[in-house]
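Student: This is the content of model.tsv (TSV, C-alpha atoms):
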```tsv
chain	number	residue	atom	x	y	z
O	26	MET	CA	82.82	102.72	122.54
O	27	LYS	CA	86.38	101.65	123.12
O	28	LYS	CA	88.80	103.52	120.90
O	29	ALA	CA	91.07	101.63	118.54
O	30	LYS	CA	94.82	101.87	119.04
O	31	VAL	CA	96.76	103.09	116.02
O	32	ALA	CA	100.55	103.27	115.89
O	33	THR	CA	102.98	104.45	113.24
O	34	LEU	CA	106.55	103.32	112.79
O	35	TRP	CA	109.40	105.07	111.01
O	36	LEU	CA	112.07	102.72	109.70
O	37	ASP	CA	114.46	103.48	106.79
O	38	GLY	CA	112.46	106.16	104.99
O	39	CYS	CA	112.48	109.92	104.56
O	40	SER	CA	109.43	110.63	106.80
O	41	GLY	CA	107.51	111.68	103.69
O	42	CYS	CA	104.86	109.04	104.40
O	43	HIS	CA	104.36	110.51	107.86
O	44	MET	CA	104.02	113.94	106.25
O	45	SER	CA	101.39	112.41	104.00
O	46	ILE	CA	99.55	111.08	107.08
O	47	LEU	CA	99.46	114.65	108.41
O	48	ASP	CA	98.21	115.79	105.01
O	49	ILE	CA	94.87	114.06	105.54
O	50	ASP	CA	94.02	117.40	107.19
O	51	GLU	CA	90.56	117.58	108.75
O	52	ALA	CA	89.98	113.88	108.13
O	53	ILE	CA	92.24	113.39	111.16
O	54	ALA	CA	89.34	114.64	113.31
O	55	ALA	CA	87.20	111.68	112.23
O	56	VAL	CA	90.12	109.33	112.88
O	57	ALA	CA	90.69	110.88	116.32
O	58	GLN	CA	87.10	110.10	117.32
O	59	LYS	CA	87.59	106.43	116.64
O	60	ALA	CA	91.25	105.89	117.46
O	61	ASP	CA	94.14	107.00	119.64
O	62	ILE	CA	97.60	107.27	118.15
O	63	VAL	CA	99.61	105.40	120.74
O	64	PHE	CA	103.12	105.23	119.26
O	65	GLY	CA	105.25	106.76	116.52
O	66	PRO	CA	107.22	109.89	115.63
O	67	LEU	CA	104.04	111.98	115.97
O	68	VAL	CA	103.57	111.15	119.67
O	69	ASP	CA	105.78	110.94	122.77
O	70	ALA	CA	105.50	107.27	123.76
O	71	GLN	CA	108.91	105.59	124.08
O	72	VAL	CA	107.79	101.98	124.36
O	73	PHE	CA	105.63	100.21	121.78
O	74	PRO	CA	102.40	99.23	123.58
O	75	GLU	CA	100.90	95.76	123.57
O	76	ASP	CA	97.74	94.93	121.62
O	77	VAL	CA	97.82	97.71	119.02
O	78	ASP	CA	95.05	97.42	116.44
O	79	VAL	CA	96.69	99.02	113.40
O	80	THR	CA	100.32	99.94	112.77
O	81	LEU	CA	101.34	101.93	109.70
O	82	VAL	CA	104.98	101.21	108.85
O	83	GLU	CA	107.02	103.64	106.81
O	84	GLY	CA	110.45	102.67	105.47
O	85	ALA	CA	112.46	99.64	104.51
O	86	VAL	CA	114.04	97.26	107.02
O	87	SER	CA	117.63	98.34	106.75
O	88	SER	CA	119.46	98.00	110.09
O	89	GLN	CA	119.60	95.56	112.95
O	90	HIS	CA	117.54	98.04	114.97
O	91	ASP	CA	114.83	98.18	112.25
O	92	TYR	CA	114.78	94.38	112.22
O	93	GLU	CA	114.29	94.03	115.97
O	94	GLN	CA	111.71	96.80	116.04
O	95	ILE	CA	109.55	95.39	113.25
O	96	LYS	CA	109.64	91.92	114.84
O	97	GLN	CA	108.41	93.37	118.14
O	98	VAL	CA	105.81	95.57	116.44
O	99	ARG	CA	104.43	92.63	114.49
O	100	GLU	CA	104.01	90.63	117.70
O	101	ASN	CA	101.99	93.44	119.24
O	102	THR	CA	99.92	94.51	116.24
O	103	ARG	CA	96.72	93.05	114.88
O	104	LEU	CA	96.91	94.66	111.42
O	105	LEU	CA	100.25	95.68	109.95
O	106	VAL	CA	100.14	98.11	107.03
O	107	ALA	CA	103.20	98.66	104.81
O	108	LEU	CA	102.89	102.37	104.03
O	109	GLY	CA	104.74	103.76	101.02
O	110	ASP	CA	107.25	102.45	98.52
O	111	CYS	CA	110.16	102.00	100.96
O	112	ALA	CA	108.08	99.67	103.15
O	113	VAL	CA	106.51	97.95	100.13
O	114	THR	CA	109.41	97.69	97.64
O	115	SER	CA	112.47	98.88	99.66
O	116	ASN	CA	112.73	101.74	97.12
O	117	VAL	CA	115.52	104.32	97.58
O	118	PRO	CA	117.04	102.72	100.74
O	119	ALA	CA	117.69	99.66	98.54
O	120	MET	CA	119.83	101.58	96.08
O	121	ARG	CA	122.77	100.58	98.27
O	122	ASN	CA	121.93	96.90	97.94
O	123	PRO	CA	124.13	96.10	94.92
O	124	PHE	CA	127.15	97.24	96.98
O	125	GLN	CA	128.89	95.59	99.94
O	126	VAL	CA	128.08	97.38	103.21
O	127	LYS	CA	131.76	97.59	104.21
O	128	LYS	CA	132.81	99.13	100.89
O	129	LEU	CA	129.84	101.47	100.98
O	130	LEU	CA	130.68	102.79	104.47
O	131	GLU	CA	134.35	103.16	103.56
O	132	ARG	CA	133.44	105.11	100.46
O	133	ILE	CA	131.27	107.49	102.47
O	134	TYR	CA	133.14	107.86	105.76
O	135	VAL	CA	136.79	107.17	104.90
O	136	GLN	CA	137.78	107.75	101.28
O	137	GLY	CA	138.40	111.41	100.58
O	138	VAL	CA	137.26	112.47	104.06
O	139	ASP	CA	139.59	115.12	105.55
O	140	THR	CA	138.42	115.42	109.16
O	141	LYS	CA	138.34	112.30	111.34
O	142	PRO	CA	137.80	109.64	108.69
O	143	GLY	CA	136.35	106.48	110.21
O	144	ILE	CA	133.25	104.35	110.11
O	145	PRO	CA	130.88	105.32	112.94
O	146	THR	CA	130.16	102.44	115.31
O	147	GLU	CA	128.83	104.03	118.49
O	148	GLY	CA	125.19	105.02	118.85
O	149	VAL	CA	124.30	103.80	115.37
O	150	PRO	CA	122.78	100.41	114.54
O	151	THR	CA	124.59	97.93	112.31
O	152	LEU	CA	123.38	97.97	108.74
O	153	MET	CA	121.91	94.79	107.36
O	154	LYS	CA	123.46	93.33	104.23
O	155	ARG	CA	120.46	94.60	102.28
O	156	ALA	CA	117.59	96.99	102.86
O	157	VAL	CA	114.48	94.88	102.31
O	158	PRO	CA	110.72	95.43	102.12
O	159	VAL	CA	108.85	94.89	105.39
O	160	HIS	CA	107.09	91.75	104.12
O	161	GLU	CA	110.43	90.00	103.64
O	162	VAL	CA	110.85	90.11	107.43
O	163	VAL	CA	107.33	89.85	108.89
O	164	LYS	CA	103.82	89.20	107.62
O	165	VAL	CA	102.15	92.32	106.23
O	166	ASP	CA	98.36	92.56	106.07
O	167	LEU	CA	97.94	95.49	103.69
O	168	PHE	CA	100.19	97.18	101.13
O	169	VAL	CA	99.81	100.87	100.33
O	170	PRO	CA	102.47	101.78	97.73
O	171	GLY	CA	103.26	105.33	96.62
O	172	CYS	CA	106.07	107.77	97.24
O	173	PRO	CA	104.42	108.98	99.32
O	174	PRO	CA	100.96	107.40	99.18
O	175	PRO	CA	98.50	110.24	98.56
O	176	ALA	CA	96.82	111.59	101.70
O	177	ALA	CA	93.45	110.58	100.23
O	178	ALA	CA	94.61	106.95	100.05
O	179	ILE	CA	95.84	107.02	103.66
O	180	GLY	CA	92.57	108.61	104.80
O	181	PHE	CA	90.62	105.94	102.93
O	182	VAL	CA	92.74	103.12	104.41
O	183	LEU	CA	92.41	104.42	107.97
O	184	GLY	CA	88.68	105.03	107.56
O	185	GLU	CA	88.03	101.55	106.22
O	186	LEU	CA	90.23	99.80	108.79
O	187	LEU	CA	88.60	101.67	111.67
O	188	GLU	CA	85.20	100.61	110.35
O	189	GLY	CA	86.44	97.03	110.51
O	190	ARG	CA	86.69	96.61	106.75
O	191	MET	CA	89.76	95.59	104.75
O	192	PRO	CA	90.15	98.29	102.06
O	193	ASP	CA	90.39	97.13	98.46
O	194	LEU	CA	93.28	99.10	96.99
O	195	SER	CA	93.81	97.21	93.76
O	196	SER	CA	94.21	99.69	90.89
O	197	LYS	CA	93.71	102.63	93.29
O	198	VAL	CA	97.36	103.01	94.28
O	199	LYS	CA	100.57	102.98	92.28
O	200	PHE	CA	104.31	102.68	92.83
O	201	GLY	CA	106.20	105.96	92.80
H	21	MET	CA	91.63	89.43	50.00
H	22	PRO	CA	92.33	87.55	53.22
H	23	GLN	CA	89.72	84.98	54.05
H	24	GLU	CA	86.98	85.97	56.49
H	25	ILE	CA	86.76	83.66	59.48
H	26	SER	CA	84.69	83.57	62.62
H	27	VAL	CA	86.00	83.04	66.13
H	28	ARG	CA	84.73	83.30	69.67
H	29	ILE	CA	86.34	85.75	72.08
H	30	ASP	CA	85.09	85.53	75.65
H	31	GLY	CA	82.12	83.64	74.26
H	32	GLU	CA	81.24	86.39	71.81
H	33	LEU	CA	81.10	85.57	68.12
H	34	CYS	CA	83.59	87.79	66.27
H	35	ARG	CA	84.53	88.32	62.63
H	36	ALA	CA	88.20	88.15	61.81
H	37	SER	CA	90.41	87.76	58.78
H	38	GLU	CA	93.16	85.26	58.29
H	39	GLY	CA	96.57	86.67	59.14
H	40	GLN	CA	95.36	88.62	62.15
H	41	THR	CA	96.65	87.76	65.61
H	42	ILE	CA	94.46	87.01	68.60
H	43	LEU	CA	95.40	90.45	69.94
H	44	ASP	CA	94.35	92.22	66.72
H	45	VAL	CA	90.92	90.60	66.81
H	46	ALA	CA	90.45	91.08	70.56
H	47	ARG	CA	91.32	94.79	70.34
H	48	ALA	CA	89.07	95.27	67.30
H	49	ASN	CA	86.27	93.89	69.47
H	50	LYS	CA	87.10	96.15	72.40
H	51	LYS	CA	88.54	93.42	74.63
H	52	PHE	CA	91.32	94.43	76.98
H	53	ILE	CA	94.45	92.31	76.90
H	54	PRO	CA	97.42	93.79	78.80
H	55	THR	CA	100.61	94.27	76.75
H	56	LEU	CA	104.01	95.88	77.26
H	57	CYS	CA	106.37	94.67	74.54
H	58	PHE	CA	103.70	95.02	71.86
H	59	LEU	CA	103.58	98.30	69.93
H	60	GLU	CA	101.35	98.86	66.94
H	61	GLY	CA	103.50	99.16	63.84
H	62	LEU	CA	106.32	96.91	65.06
H	63	THR	CA	106.63	93.16	64.53
H	64	PRO	CA	105.29	91.50	67.71
H	65	SER	CA	107.95	89.70	69.74
H	66	GLY	CA	105.91	87.95	72.43
H	67	SER	CA	108.62	88.65	74.98
H	68	CYS	CA	106.83	90.23	77.94
H	69	ARG	CA	104.22	87.45	78.39
H	70	LEU	CA	101.59	89.81	79.76
H	71	CYS	CA	99.18	89.09	76.90
H	72	LEU	CA	98.82	85.37	77.63
H	73	VAL	CA	95.32	84.09	76.85
H	74	GLU	CA	93.48	80.80	77.11
H	75	VAL	CA	92.60	79.03	73.87
H	76	ALA	CA	90.06	76.21	74.06
H	77	GLY	CA	91.65	72.84	73.39
H	78	VAL	CA	95.20	74.11	73.95
H	79	GLY	CA	96.76	72.90	77.18
H	80	ARG	CA	98.91	75.96	77.76
H	81	LEU	CA	98.53	79.73	77.68
H	82	LEU	CA	99.41	81.45	74.40
H	83	PRO	CA	100.68	85.00	73.83
H	84	ALA	CA	97.89	86.91	72.06
H	85	CYS	CA	100.28	89.23	70.22
H	86	THR	CA	102.10	86.49	68.28
H	87	THR	CA	99.45	83.78	67.93
H	88	PRO	CA	97.61	83.86	64.58
H	89	ILE	CA	93.86	83.60	64.85
H	90	GLN	CA	92.31	80.51	63.29
H	91	ASN	CA	88.82	79.72	62.10
H	92	GLY	CA	86.66	78.40	64.92
H	93	MET	CA	89.13	79.37	67.65
H	94	SER	CA	87.61	80.05	71.05
H	95	VAL	CA	89.70	82.48	73.11
H	96	ASN	CA	89.34	83.56	76.70
H	97	THR	CA	91.01	86.92	77.43
H	98	ASN	CA	89.99	87.33	81.03
H	99	SER	CA	89.80	84.94	83.96
H	100	GLU	CA	90.99	84.60	87.55
H	101	LYS	CA	93.76	82.29	86.35
H	102	LEU	CA	94.91	84.73	83.65
H	103	LEU	CA	94.91	87.62	86.11
H	104	ARG	CA	97.05	85.59	88.52
H	105	HIS	CA	99.49	84.75	85.71
H	106	ARG	CA	99.65	88.34	84.51
H	107	GLN	CA	100.20	89.65	88.02
H	108	THR	CA	103.02	87.16	88.55
H	109	VAL	CA	104.60	88.15	85.24
H	110	MET	CA	104.40	91.79	86.35
H	111	GLU	CA	106.02	90.92	89.69
H	112	PHE	CA	108.87	89.17	87.89
H	113	LEU	CA	109.36	92.20	85.65
H	114	LEU	CA	109.54	94.41	88.73
H	115	LEU	CA	111.90	92.28	90.78
H	116	GLU	CA	114.45	91.41	88.10
H	117	ARG	CA	116.12	94.83	87.99
H	118	ASN	CA	116.07	98.04	90.03
H	119	HIS	CA	112.86	99.91	89.32
H	120	TYR	CA	112.61	102.94	91.59
H	121	CYS	CA	109.52	104.75	90.31
H	122	SER	CA	109.85	107.59	92.79
H	123	ILE	CA	113.16	108.84	91.38
H	124	CYS	CA	112.65	107.91	87.72
H	125	VAL	CA	112.49	110.38	84.83
H	126	CYS	CA	109.43	108.49	83.63
H	127	ASN	CA	107.52	108.44	86.92
H	128	ASN	CA	103.83	108.90	86.07
H	129	HIS	CA	104.56	108.48	82.35
H	130	CYS	CA	105.68	104.84	82.56
H	131	GLU	CA	103.84	101.96	80.93
H	132	LEU	CA	105.31	99.44	83.38
H	133	GLN	CA	104.15	101.47	86.39
H	134	ALA	CA	100.70	102.07	84.88
H	135	MET	CA	100.30	98.40	83.96
H	136	ALA	CA	101.26	97.29	87.48
H	137	GLN	CA	98.54	99.57	88.79
H	138	ARG	CA	95.99	98.40	86.25
H	139	LEU	CA	96.69	94.75	87.10
H	140	GLY	CA	96.26	95.53	90.80
H	141	VAL	CA	99.85	94.68	91.76
H	142	THR	CA	100.39	96.46	95.09
H	143	HIS	CA	103.55	94.57	96.07
H	144	VAL	CA	105.96	91.91	94.87
H	145	ARG	CA	105.66	88.64	96.76
H	146	PHE	CA	109.16	87.41	95.89
H	147	PRO	CA	112.60	88.71	96.94
H	148	TYR	CA	114.03	91.45	94.75
H	149	ASN	CA	117.16	90.71	92.73
H	150	TYR	CA	119.04	94.02	93.26
H	151	PRO	CA	121.55	93.51	90.40
H	152	LYS	CA	124.46	95.91	89.91
H	153	LEU	CA	123.85	97.37	86.47
H	154	PRO	CA	125.56	100.14	84.50
H	155	VAL	CA	124.10	103.35	83.08
H	156	ASP	CA	125.34	104.38	79.63
H	157	VAL	CA	125.58	108.18	79.40
H	158	SER	CA	127.99	108.23	76.46
H	159	HIS	CA	125.40	109.42	73.94
H	160	GLU	CA	125.21	113.18	73.45
H	161	ARG	CA	121.42	113.33	73.64
H	162	TYR	CA	120.13	110.23	75.42
H	163	ILE	CA	120.84	107.89	78.32
H	164	LEU	CA	120.44	104.13	78.68
H	165	ASP	CA	119.75	102.97	82.23
H	166	HIS	CA	119.89	99.16	82.36
H	167	ASN	CA	118.29	99.23	85.82
H	168	ARG	CA	114.99	100.17	84.24
H	169	CYS	CA	115.12	97.95	81.14
H	170	ILE	CA	112.57	95.13	80.88
H	171	LEU	CA	114.04	93.71	77.64
H	172	CYS	CA	110.83	94.27	75.70
H	173	THR	CA	112.94	94.89	72.54
H	174	ARG	CA	110.71	97.69	71.27
H	175	CYS	CA	113.87	99.80	70.77
H	176	VAL	CA	115.57	96.96	68.90
H	177	ARG	CA	112.59	96.57	66.59
H	178	VAL	CA	111.87	100.24	65.97
H	179	CYS	CA	115.53	100.88	65.14
H	180	ALA	CA	115.69	97.94	62.73
H	181	GLU	CA	112.23	98.13	61.19
H	182	VAL	CA	111.36	101.82	61.12
H	183	GLU	CA	114.62	103.77	61.31
H	184	GLY	CA	116.59	101.06	59.51
H	185	ALA	CA	119.72	101.73	61.54
H	186	ASN	CA	120.00	98.42	63.45
H	187	VAL	CA	121.86	99.96	66.38
H	188	TRP	CA	120.27	97.87	69.13
H	189	GLU	CA	120.54	94.18	69.90
H	190	ILE	CA	120.12	91.93	72.92
H	191	SER	CA	123.27	90.16	74.06
H	192	GLY	CA	123.49	87.29	76.55
H	193	ARG	CA	120.81	84.86	77.64
H	194	GLY	CA	118.22	84.77	80.40
H	195	ILE	CA	119.03	86.84	83.44
H	196	ASN	CA	122.29	87.99	81.79
H	197	SER	CA	120.50	89.50	78.80
H	198	ARG	CA	121.50	93.10	78.14
H	199	LEU	CA	120.52	95.68	75.58
H	200	VAL	CA	123.68	96.54	73.63
H	201	ALA	CA	124.47	99.16	71.04
H	202	GLU	CA	126.07	97.63	67.94
H	203	LEU	CA	128.70	95.06	69.02
H	204	ASN	CA	128.43	95.97	72.71
H	205	GLN	CA	130.03	99.37	72.64
H	206	PRO	CA	129.10	102.64	74.33
H	207	TRP	CA	126.00	104.06	72.63
H	208	GLY	CA	127.82	107.33	72.02
H	209	ASP	CA	130.42	105.51	69.90
H	210	SER	CA	127.80	104.03	67.60
H	211	LYS	CA	128.41	105.05	63.99
H	212	ALA	CA	125.03	103.69	62.88
H	213	CYS	CA	122.94	105.68	65.37
H	214	THR	CA	121.15	108.55	63.62
H	215	LYS	CA	120.16	110.15	66.97
H	216	CYS	CA	116.54	110.04	65.81
H	217	GLY	CA	115.29	109.11	69.29
H	218	LYS	CA	112.64	106.62	68.16
H	219	CYS	CA	114.01	104.04	70.59
H	220	VAL	CA	113.62	106.57	73.40
H	221	GLN	CA	110.03	107.36	72.48
H	222	VAL	CA	108.92	103.72	72.22
H	223	CYS	CA	110.67	102.55	75.41
H	224	PRO	CA	107.85	101.77	77.86
H	225	THR	CA	109.97	102.63	80.93
H	226	GLY	CA	112.66	105.11	81.84
H	227	ALA	CA	115.43	102.82	80.50
H	228	LEU	CA	115.88	105.06	77.47
H	229	ALA	CA	115.41	108.75	78.11
H	230	GLU	CA	116.53	112.15	77.00
H	231	LYS	CA	119.51	113.55	78.85
H	232	GLY	CA	119.27	116.30	81.41
H	233	LEU	CA	115.74	115.63	82.62
H	234	GLY	CA	114.63	115.34	86.24
H	235	VAL	CA	112.12	113.09	87.95
H	236	GLU	CA	108.79	112.81	86.09
H	237	GLU	CA	110.04	115.00	83.23
H	238	MET	CA	110.29	112.36	80.49
H	239	ALA	CA	106.87	112.04	78.86
H	240	LYS	CA	107.01	109.93	75.69
H	241	SER	CA	105.06	109.86	72.49
H	242	ASN	CA	104.86	106.81	70.26
H	243	GLU	CA	101.59	107.45	68.42
H	244	ASN	CA	103.34	108.23	65.13
H	245	ILE	CA	105.26	104.94	65.04
H	246	LYS	CA	102.35	103.07	63.46
H	247	TRP	CA	102.15	105.70	60.70
H	248	LEU	CA	105.92	105.71	60.14
H	249	ALA	CA	105.96	101.91	60.05
H	250	ALA	CA	103.24	101.93	57.39
H	251	LYS	CA	105.30	104.38	55.33
H	252	ARG	CA	108.32	102.09	55.65
H	253	GLY	CA	106.24	99.11	54.61
H	254	VAL	CA	106.76	97.09	57.80
H	255	HIS	CA	104.27	94.18	57.62
H	256	ALA	CA	103.51	95.11	54.00
```
Re-express the file's structure as structure tokens.
Tutor:
Amino acid sequence: MKKAKVATLWLDGCSGCHMSILDIDEAIAAVAQKADIVFGPLVDAQVFPEDVDVTLVEGAVSSQHDYEQIKQVRENTRLLVALGDCAVTSNVPAMRNPFQVKKLLERIYVQGVDTKPGIPTEGVPTLMKRAVPVHEVVKVDLFVPGCPPPAAAIGFVLGELLEGRMPDLSSKVKFG
Amino acid sequence: MPQEISVRIDGELCRASEGQTILDVARANKKFIPTLCFLEGLTPSGSCRLCLVEVAGVGRLLPACTTPIQNGMSVNTNSEKLLRHRQTVMEFLLLERNHYCSICVCNNHCELQAMAQRLGVTHVRFPYNYPKLPVDVSHERYILDHNRCILCTRCVRVCAEVEGANVWEISGRGINSRLVAELNQPWGDSKACTKCGKCVQVCPTGALAEKGLGVEEMAKSNENIKWLAAKRGVHA
């Protein structure tokens, strides 16, 4: 049987959702029999492959780089899963949203900074005006809220998706 | 004695007495109607709109908590259409201000969070509002975080009806509505506030909380409000 291709993506989040993926413990063995993890912080691949079956996205879309990445990932993914509150609601990354980006960066990198005050521009992507949930940028097929979503929920979602079923999460998952 | 009447709730014949609301009768007959602004013991305000129900012959949805039951009324508390409405109401509650469950003192003790889960809301389909809202930390014992306020007015009602202090009021209209202490002054400057904390205990979210607590540390208890209200003669 041909193995399914699963990818994970880490946008503006704390990596806690990826930790929660690892927390599915021995259930990963069952996943590994049915799927290969082809992209994400847990593997070495540098380029997002074409025709991925399932991509789990952690984090809000916060920078120009996030925006371009999620667009490309969507094009190459059959089922896109927003994993965790940052991807689903924009959560903590959105706490900056009521403030102007320029004022925010000045407050952090210039005001009251003793050594080399200045807003970094090289090697860092431009911030978007607002950090937004993934589904404000591209179509999302499944929402798994939680901060992080419990490992059991992730295991259930992966198991169902790899069996070709769309998991019913209503009332099983919560924000926060 | 109030007059005995009979009504139908979800097709079931139910006994009720005049003066009861649709919600009273539905709950007495073990029907689930979601509520947030409603709290037993306080005058219902009908502000959250989660308890909307269908009444036969009425062309619009009615809030169960404020609509008096009438003889012969036929009420539907549960349908696909009602669930869709309630989910949308929940989404609007979530998007209006900045609700970050993960870092909230009331995480896992929050009625808003629990209700979103119960209604099966896994995401908000509309853009978030991200307003810039203040946090009032002027009170010696409690904080008011406007980011988490859903304007249910439980605090306003408990303060006026049970404590009798009338500290809280809503100022402004629509999206500009804000909970204010007295004539819009810092809560800590309020002369009328007795520091009893009833508003904190009845608040369904983390908008009102005790000071100095971390994430998930603010569990609330409002079970005694009904008893206190009876003692005060609210609804007598």
Student: Show which residues sit within 7 Å of range 23-40 of chain H, as a PyMOL selection string. Count only C-alpha atoms, and ignore same-chain residues fewer than 4 positions away.
Tutor: chain H and resi 44-46+88-97
Student: May I ask for the distance between CA of Ala85 in chain O and CA of Val135 in chain O, given in Å to one decimal place?
Tutor: 25.5 Å
Student: Between O:Lys128, O:Ile144, O:Pro118, O:Gln136, single out the one closest to chain H, counting all atoms listed in the file.
Tutor: O:Pro118
Student: Write out as a ChimeraX atom specification which residues come within 6 Å of range 56-63 of chain H when counting only C-alpha atoms, dropping same-chain ones fewer than 2 positions away.
Tutor: /H:68,172,246,249
Student: Which residues are close to range 46-48 of chain O, i.e. within 10 Å by only C-alpha atoms, leaving aside same-chain residues fewer than 5 positions away? Reply as a PDB file with C-alpha atoms, in the coordinates of the input.
Tutor:
```
ATOM      1  CA  THR O  33     102.980 104.450 113.240  1.00  0.00           C
ATOM      2  CA  SER O  40     109.430 110.630 106.800  1.00  0.00           C
ATOM      3  CA  GLY O  41     107.510 111.680 103.690  1.00  0.00           C
ATOM      4  CA  ILE O  53      92.240 113.390 111.160  1.00  0.00           C
ATOM      5  CA  LEU O  67     104.040 111.980 115.970  1.00  0.00           C
ATOM      6  CA  LEU O  81     101.340 101.930 109.700  1.00  0.00           C
ATOM      7  CA  LEU O 108     102.890 102.370 104.030  1.00  0.00           C
ATOM      8  CA  PRO O 173     104.420 108.980  99.320  1.00  0.00           C
ATOM      9  CA  PRO O 174     100.960 107.400  99.180  1.00  0.00           C
ATOM     10  CA  PRO O 175      98.500 110.240  98.560  1.00  0.00           C
ATOM     11  CA  ALA O 176      96.820 111.590 101.700  1.00  0.00           C
ATOM     12  CA  ALA O 177      93.450 110.580 100.230  1.00  0.00           C
ATOM     13  CA  ALA O 178      94.610 106.950 100.050  1.00  0.00           C
ATOM     14  CA  ILE O 179      95.840 107.020 103.660  1.00  0.00           C
ATOM     15  CA  GLY O 180      92.570 108.610 104.800  1.00  0.00           C
ATOM     16  CA  LEU O 183      92.410 104.420 107.970  1.00  0.00           C
TER      17      LEU O 183
END
```
Student: For chain H, which residue out of O:Val126, O:Ala119, O:Leu152, O:Leu187 is the nearest one, using all atoms listed in the file?
Tutor: O:Ala119
Student: Check the smallest atom-to-atom distance from each of H:Arg117, H:Arg47, H:Arg138, H:Arg104 to chain O using only C-alpha atoms, then report the winner.
Tutor: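 Looking at the shortest contact to chain O, the residue is H:Arg138.
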Student: So, with only C-alpha atoms as the atoms that count, which of H:Ile53, H:Val125, H:Cys71, H:Leu139 lies closest to chain O?
Tutor: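 Going through H:Ile53, H:Val125, H:Cys71, H:Leu139 one by one, the smallest distance to chain O is for H:Leu139.
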Student: Using all atoms listed in the file, pick whichever of O:Leu186, O:Gly148, O:Pro142, O:Leu130 has the shortest atom-to-atom distance to Lys30 in chain O.
Tutor: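 Looking at the shortest contact to Lys30 in chain O, the residue is O:Leu186.
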Student: Which residues, written as a VMD selection string, have at least one atom at most 8 Å from Lys218 in chain H, with all atoms listed in the file counted and residues fewer than 2 positions away on the same chain left out?
Tutor: chain H and resid 175 178 to 179 183 216 220 to 222
Student: Would you put the residues from that selection into a file with C-alpha atoms, as a PDB file, in the coordinates of the input?
Tutor:
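As a result, again_36.pdb now contains:
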```pdb
ATOM      1  CA  CYS H 175     113.870  99.800  70.770  1.00  0.00           C
ATOM      2  CA  VAL H 178     111.870 100.240  65.970  1.00  0.00           C
ATOM      3  CA  CYS H 179     115.530 100.880  65.140  1.00  0.00           C
ATOM      4  CA  GLU H 183     114.620 103.770  61.310  1.00  0.00           C
ATOM      5  CA  CYS H 216     116.540 110.040  65.810  1.00  0.00           C
ATOM      6  CA  VAL H 220     113.620 106.570  73.400  1.00  0.00           C
ATOM      7  CA  GLN H 221     110.030 107.360  72.480  1.00  0.00           C
ATOM      8  CA  VAL H 222     108.920 103.720  72.220  1.00  0.00           C
TER       9      VAL H 222
END
```
Student: Rounded to one decimal in Å, what is the spacing between CA of Ser210 in chain H and CA of Arg198 in chain H?
Tutor: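 Going from CA of Ser210 in chain H over to CA of Arg198 in chain H covers 16.4 Å.
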Student: CA of Arg252 in chain H and CA of Cys169 in chain H are how many Å apart?
Tutor: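 Answer for the CA of Arg252 in chain H to CA of Cys169 in chain H separation: 26.7 Å.
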Student: Please produce, as CSV, a per-residue contact table for chain H versus chain O (criterion: any atom at most 10 Å away, all atoms listed in the file considered), showing the nearest atom pair and its distance in Å to one decimal, sorted by chain then residue number.
Tutor:
```
residue,atom,partner,partner_atom,distance
H:Leu114,CA,O:Thr114,CA,9.5
H:Leu115,CA,O:Thr114,CA,9.1
H:Asn118,CA,O:Met120,CA,8.0
H:His119,CA,O:Asn116,CA,8.0
H:Tyr120,CA,O:Asn116,CA,5.7
H:Cys121,CA,O:Gly201,CA,4.3
H:Ser122,CA,O:Gly201,CA,4.0
H:Ile123,CA,O:Gly201,CA,7.7
H:Cys124,CA,O:Gly201,CA,8.4
H:Asn127,CA,O:Gly201,CA,6.5
H:Asn128,CA,O:Gly201,CA,7.7
H:Gln133,CA,O:Phe200,CA,6.6
H:Ala134,CA,O:Lys199,CA,7.5
H:Met135,CA,O:Ser196,CA,9.3
H:Ala136,CA,O:Lys199,CA,7.5
H:Gln137,CA,O:Ser196,CA,4.8
H:Arg138,CA,O:Ser196,CA,5.1
H:Leu139,CA,O:Ser196,CA,6.7
H:Gly140,CA,O:Ser195,CA,4.2
H:Val141,CA,O:Ser195,CA,6.8
H:Thr142,CA,O:Phe168,CA,6.1
H:His143,CA,O:Val113,CA,6.1
H:Val144,CA,O:Thr114,CA,7.3
H:Arg145,CA,O:His160,CA,8.1
H:Phe146,CA,O:Glu161,CA,8.3
H:Pro147,CA,O:Glu161,CA,7.2
H:Tyr148,CA,O:Thr114,CA,8.3
H:Asn149,CA,O:Pro123,CA,9.1
H:Tyr150,CA,O:Pro123,CA,5.7
H:Pro151,CA,O:Pro123,CA,5.8
H:Lys152,CA,O:Pro123,CA,5.0
H:Leu153,CA,O:Pro123,CA,8.5
H:Glu236,CA,O:Gly201,CA,9.9
```
